[in-house]
Amino acid sequence: MDQSELRNSRRKFIQALGLASVGLSTVSLFSGFNIFDSYTEEESVKRVQREKANGKLGIALVGLGGYAGGQLAPALYHTSNCYLAGIVTGTPEKAEKWKKQYGIPSANIYDYSSYEKIKSNPDIDIIYVVLPNSMHAEYVIKAAEAGKHVICEKPMAITVADCDKMIAACKKAKRNLGVGYRLNYDPYNLEMARLGQNNVYGKLTKLSAGYGFNAQKGIWRLDKTMAGGGPLMDVGIYCIQAFCYVTGQVPIAVTAQEGPKTDPERFPTVEQSLTWQFEMPSGLKAEGQASYSEGFNFLKAEAERGTFEIGPAFNYNGMRGKTTEGTLTFPTVNQQARQMDDFSLSLMKGRLSRVPGEMGRRDVMLLQSIYEAMRSGQRIAIKG
Ligand code: NDP
């Protein structure tokens, strides 16, 4: 066994232990060696050649922050149709670390000023934009102009006008655009959608969802220019998604209320919390809440002949659920691996993504309608 085969088999062993996905990249488990070896340039080039020869599509992650580093890169160890081929980062130390840790050839590493050069890189098939919300539009449009397919993190953009430009750029370049809606690949959320859309417990009579956590002062999420809004943009969007997939409908009107600002210093430009009420075409009311100062995470449905709910509902794993008939139990899956694999498969099969740009645009339109209702104090009719 040569040196690189030995490294690969060690990596496989570590992945089998499941440690890659819990972010233990720098932990020494066994005395004498780090659990992740350091790839040489030659090994990195060979790795990419091997993945390509296996027919996988190359993904470049743009913006190596918490989500890219904590979830997406580890998930790419578990994908069958795509692999981590490149990175785009403004932080040279991250470039160095990722290059060695994940085996990324130097030619596949970009910063924001060299980003457009990715156009001539045949290793990169898909660009995955994982930047702060206000930067999504620019980097998705540039990706399309570079002739690459694109996955964009949620929320797709901070305005509907930006979503339109992103969709138009991808259409013009004949490239696919998908949104990082991982919960569309989670068995608990899929079951909620099945139970709701098929009226398994009769017609829905009430739907409610909430997602909140305690946000740290000073982060970009609390800056309206970068985030587009507060907890609604960041985590409320999961509730909006859930209301649409549990009912199979798009809301037609909304009322909304901003919560009290008990910590105005922490929230100078965005809401601290917010509640809203959607009217669905069937007449059903769907009640949502999002917060940056309180923790909650649930999705509950009441129907004529029973109830069904999950909580936590929107996490990466550890979901739990129950219906009138008993507990819901599904195997743990890697949501991000499934999501990226399905996007890649959609490209291979020449079909649209299950979570396309149009869905991202719809949700940004719904987010904006909620803010309009919150500001005006009026019931806002939602235009398609
Ligand atoms: P982070 O703040 O952790 O990372 C963002 C990264 O973007 C930074 O590390 C940096 O990477 C890059 N960046 C470039 N310019 C700036 C700037 N001006 N300010 C801050 N960062 C900048 O954010 P997250 O990873 O948590 O979120 C990124 C996106 O992913 C968001 O849109 C968020 O909504 C989404 N997200 C989705 C999740 C999901 O479950 N689908 C979960 C978490 C986030 P670098 O140093 O490499 O340049």
# chains A, B, ... in the order shown; residues from 1 in each chain; ligands from 1

call {"tool": "residues_around", "arguments": {"residues": "stretch 275-284 of chain A", "least_positions_apart": "2", "cutoff": "8 Å", "atoms": "only C-alpha atoms", "output": "mmCIF file with C-alpha atoms, in the first residue's frame"}}
result
data_model
loop_
_atom_site.group_PDB
_atom_site.id
_atom_site.type_symbol
_atom_site.label_atom_id
_atom_site.label_comp_id
_atom_site.auth_asym_id
_atom_site.auth_seq_id
_atom_site.Cartn_x
_atom_site.Cartn_y
_atom_site.Cartn_z
ATOM 1 C CA LEU A 204 -55.872 20.536 8.196
ATOM 2 C CA THR A 205 -57.457 22.841 10.778
ATOM 3 C CA LYS A 206 -54.364 24.582 12.189
ATOM 4 C CA LEU A 207 -50.690 24.816 11.411
ATOM 5 C CA GLN A 249 -50.160 25.586 -1.094
ATOM 6 C CA VAL A 250 -48.765 29.118 -1.239
ATOM 7 C CA PRO A 251 -50.226 31.699 1.218
ATOM 8 C CA ILE A 252 -52.560 34.362 -0.167
ATOM 9 C CA ALA A 253 -52.491 36.947 2.645
ATOM 10 C CA VAL A 254 -50.580 37.779 5.824
ATOM 11 C CA THR A 255 -50.672 39.794 9.040
ATOM 12 C CA ALA A 256 -47.565 40.230 11.221
ATOM 13 C CA GLN A 257 -46.369 41.795 14.462
ATOM 14 C CA GLU A 258 -42.863 42.745 15.541
ATOM 15 C CA GLY A 259 -42.027 41.495 19.052
ATOM 16 C CA SER A 273 -38.513 38.647 17.114
ATOM 17 C CA ALA A 286 -50.670 29.102 9.542
ATOM 18 C CA GLU A 287 -48.988 30.813 12.491
ATOM 19 C CA GLY A 288 -45.244 31.434 12.471
ATOM 20 C CA GLN A 289 -42.729 32.855 14.888
ATOM 21 C CA ALA A 290 -39.023 33.638 14.653
ATOM 22 C CA ILE A 370 -44.448 39.507 6.091
#

call {"tool": "select_by_dssp", "arguments": {"residues": "stretch 46-117 of chain A", "states": "strand (DSSP E)", "output": "list in words"}}
result
Leu57, Gly58, Ile59, Ala60, Leu61, Val62, Cys82, Tyr83, Leu84, Ala85, Gly86, Ile87, Val88, Ile109 and Tyr110 of chain A

call {"tool": "write_last_selection", "arguments": {"atoms": "N, CA and C atoms", "output": "tab-separated table (two decimals), in the first residue's frame"}}
result
chain	number	residue	atom	x	y	z
A	57	LEU	N	-19.49	15.11	-10.07
A	57	LEU	CA	-19.39	16.52	-10.44
A	57	LEU	C	-18.63	17.28	-9.35
A	58	GLY	N	-17.83	18.25	-9.78
A	58	GLY	CA	-17.00	19.01	-8.84
A	58	GLY	C	-17.73	20.24	-8.31
A	59	ILE	N	-17.74	20.37	-6.99
A	59	ILE	CA	-18.38	21.53	-6.35
A	59	ILE	C	-17.30	22.46	-5.80
A	60	ALA	N	-17.49	23.77	-6.01
A	60	ALA	CA	-16.65	24.77	-5.33
A	60	ALA	C	-17.50	25.51	-4.32
A	61	LEU	N	-17.06	25.52	-3.07
A	61	LEU	CA	-17.77	26.26	-2.01
A	61	LEU	C	-17.24	27.70	-1.98
A	62	VAL	N	-18.16	28.65	-1.93
A	62	VAL	CA	-17.78	30.06	-1.90
A	62	VAL	C	-18.15	30.64	-0.53
A	82	CYS	N	-21.22	13.95	-6.29
A	82	CYS	CA	-20.42	15.18	-6.34
A	82	CYS	C	-19.33	15.12	-5.27
A	83	TYR	N	-18.36	16.00	-5.40
A	83	TYR	CA	-17.24	16.01	-4.46
A	83	TYR	C	-16.72	17.43	-4.33
A	84	LEU	N	-15.94	17.67	-3.29
A	84	LEU	CA	-15.38	19.01	-3.07
A	84	LEU	C	-14.17	19.18	-3.98
A	85	ALA	N	-14.34	20.04	-5.01
A	85	ALA	CA	-13.27	20.21	-6.00
A	85	ALA	C	-12.53	21.53	-5.82
A	86	GLY	N	-13.20	22.55	-5.26
A	86	GLY	CA	-12.55	23.85	-5.17
A	86	GLY	C	-13.13	24.70	-4.06
A	87	ILE	N	-12.45	25.81	-3.78
A	87	ILE	CA	-12.92	26.76	-2.75
A	87	ILE	C	-12.69	28.19	-3.22
A	88	VAL	N	-13.54	29.08	-2.71
A	88	VAL	CA	-13.36	30.52	-2.93
A	88	VAL	C	-13.43	31.16	-1.55
A	109	ILE	N	-8.20	26.89	-6.12
A	109	ILE	CA	-8.41	27.79	-4.97
A	109	ILE	C	-8.44	29.24	-5.47
A	110	TYR	N	-9.52	29.94	-5.14
A	110	TYR	CA	-9.72	31.31	-5.61
A	110	TYR	C	-10.00	32.23	-4.44

call {"tool": "closest_atom_pairs", "arguments": {"of": "chain A", "to": "ligand 1", "cutoff": "8 Å", "atoms": "only C-alpha atoms and all ligand atoms", "output": "JSON lines"}}
result
{"residue": "A:Val62", "atom": "CA", "partner": "ligand 1", "partner_atom_place_in_ligand_line": "47 (O)", "distance": 6.9}
{"residue": "A:Gly63", "atom": "CA", "partner": "ligand 1", "partner_atom_place_in_ligand_line": "11 (O)", "distance": 3.7}
{"residue": "A:Leu64", "atom": "CA", "partner": "ligand 1", "partner_atom_place_in_ligand_line": "47 (O)", "distance": 3.6}
{"residue": "A:Gly65", "atom": "CA", "partner": "ligand 1", "partner_atom_place_in_ligand_line": "9 (O)", "distance": 3.2}
{"residue": "A:Gly66", "atom": "CA", "partner": "ligand 1", "partner_atom_place_in_ligand_line": "3 (O)", "distance": 3.6}
{"residue": "A:Tyr67", "atom": "CA", "partner": "ligand 1", "partner_atom_place_in_ligand_line": "25 (O)", "distance": 3.8}
{"residue": "A:Ala68", "atom": "CA", "partner": "ligand 1", "partner_atom_place_in_ligand_line": "25 (O)", "distance": 5.7}
{"residue": "A:Gly69", "atom": "CA", "partner": "ligand 1", "partner_atom_place_in_ligand_line": "25 (O)", "distance": 7.6}
{"residue": "A:Val88", "atom": "CA", "partner": "ligand 1", "partner_atom_place_in_ligand_line": "47 (O)", "distance": 6.5}
{"residue": "A:Thr89", "atom": "CA", "partner": "ligand 1", "partner_atom_place_in_ligand_line": "47 (O)", "distance": 3.6}
{"residue": "A:Gly90", "atom": "CA", "partner": "ligand 1", "partner_atom_place_in_ligand_line": "48 (O)", "distance": 3.6}
{"residue": "A:Thr91", "atom": "CA", "partner": "ligand 1", "partner_atom_place_in_ligand_line": "46 (O)", "distance": 4.5}
{"residue": "A:Lys94", "atom": "CA", "partner": "ligand 1", "partner_atom_place_in_ligand_line": "47 (O)", "distance": 6.6}
{"residue": "A:Ala95", "atom": "CA", "partner": "ligand 1", "partner_atom_place_in_ligand_line": "47 (O)", "distance": 7.7}
{"residue": "A:Asp111", "atom": "CA", "partner": "ligand 1", "partner_atom_place_in_ligand_line": "48 (O)", "distance": 7.6}
{"residue": "A:Tyr112", "atom": "CA", "partner": "ligand 1", "partner_atom_place_in_ligand_line": "48 (O)", "distance": 7.7}
{"residue": "A:Val129", "atom": "CA", "partner": "ligand 1", "partner_atom_place_in_ligand_line": "29 (C)", "distance": 7.6}
{"residue": "A:Val130", "atom": "CA", "partner": "ligand 1", "partner_atom_place_in_ligand_line": "29 (C)", "distance": 4.3}
{"residue": "A:Leu131", "atom": "CA", "partner": "ligand 1", "partner_atom_place_in_ligand_line": "7 (O)", "distance": 4.1}
{"residue": "A:Pro132", "atom": "CA", "partner": "ligand 1", "partner_atom_place_in_ligand_line": "32 (O)", "distance": 4.6}
{"residue": "A:Asn133", "atom": "CA", "partner": "ligand 1", "partner_atom_place_in_ligand_line": "32 (O)", "distance": 4.4}
{"residue": "A:Met135", "atom": "CA", "partner": "ligand 1", "partner_atom_place_in_ligand_line": "15 (N)", "distance": 7.6}
{"residue": "A:His136", "atom": "CA", "partner": "ligand 1", "partner_atom_place_in_ligand_line": "32 (O)", "distance": 7.3}
{"residue": "A:Glu153", "atom": "CA", "partner": "ligand 1", "partner_atom_place_in_ligand_line": "35 (C)", "distance": 5.1}
{"residue": "A:Lys154", "atom": "CA", "partner": "ligand 1", "partner_atom_place_in_ligand_line": "34 (O)", "distance": 5.0}
{"residue": "A:Pro155", "atom": "CA", "partner": "ligand 1", "partner_atom_place_in_ligand_line": "34 (O)", "distance": 5.9}
{"residue": "A:Met156", "atom": "CA", "partner": "ligand 1", "partner_atom_place_in_ligand_line": "32 (O)", "distance": 7.6}
{"residue": "A:Gly180", "atom": "CA", "partner": "ligand 1", "partner_atom_place_in_ligand_line": "41 (N)", "distance": 5.3}
{"residue": "A:Tyr181", "atom": "CA", "partner": "ligand 1", "partner_atom_place_in_ligand_line": "41 (N)", "distance": 5.9}
{"residue": "A:Arg182", "atom": "CA", "partner": "ligand 1", "partner_atom_place_in_ligand_line": "41 (N)", "distance": 6.0}
{"residue": "A:Ile219", "atom": "CA", "partner": "ligand 1", "partner_atom_place_in_ligand_line": "2 (O)", "distance": 7.4}
{"residue": "A:Trp220", "atom": "CA", "partner": "ligand 1", "partner_atom_place_in_ligand_line": "20 (C)", "distance": 6.2}
{"residue": "A:Arg221", "atom": "CA", "partner": "ligand 1", "partner_atom_place_in_ligand_line": "2 (O)", "distance": 7.9}
{"residue": "A:Met226", "atom": "CA", "partner": "ligand 1", "partner_atom_place_in_ligand_line": "18 (N)", "distance": 7.7}
{"residue": "A:Ala227", "atom": "CA", "partner": "ligand 1", "partner_atom_place_in_ligand_line": "32 (O)", "distance": 7.9}
{"residue": "A:Met233", "atom": "CA", "partner": "ligand 1", "partner_atom_place_in_ligand_line": "34 (O)", "distance": 7.8}
{"residue": "A:Asp234", "atom": "CA", "partner": "ligand 1", "partner_atom_place_in_ligand_line": "34 (O)", "distance": 5.5}
{"residue": "A:Asn315", "atom": "CA", "partner": "ligand 1", "partner_atom_place_in_ligand_line": "40 (O)", "distance": 7.8}
{"residue": "A:Tyr316", "atom": "CA", "partner": "ligand 1", "partner_atom_place_in_ligand_line": "40 (O)", "distance": 7.1}

call {"tool": "atom_distance", "arguments": {"atom1": "atom CA of A:Leu366", "atom2": "atom CA of A:Val246"}}
result
16.0 Å

call {"tool": "residues_around", "arguments": {"residues": "A:Ala143", "least_positions_apart": "6", "cutoff": "10 Å", "atoms": "only C-alpha atoms", "output": "ChimeraX atom specification"}}
result
/A:115-116,118-119,126-129,137,149-151,166,169-170,173,175

call {"tool": "atom_distance", "arguments": {"atom1": "atom CA of A:Phe330", "atom2": "atom CA of A:Asp186"}}
result
9.3 Å

call {"tool": "closest_residue", "arguments": {"among": "A:Tyr188, A:Ala107, A:Lys97, A:Lys117", "to": "A:Thr329", "atoms": "only C-alpha atoms"}}
result
A:Tyr188

call {"tool": "closest_residue", "arguments": {"among": "A:Gln368, A:Ser38, A:Ser106, A:Ser113", "to": "A:Leu232", "atoms": "only C-alpha atoms"}}
result
A:Gln368
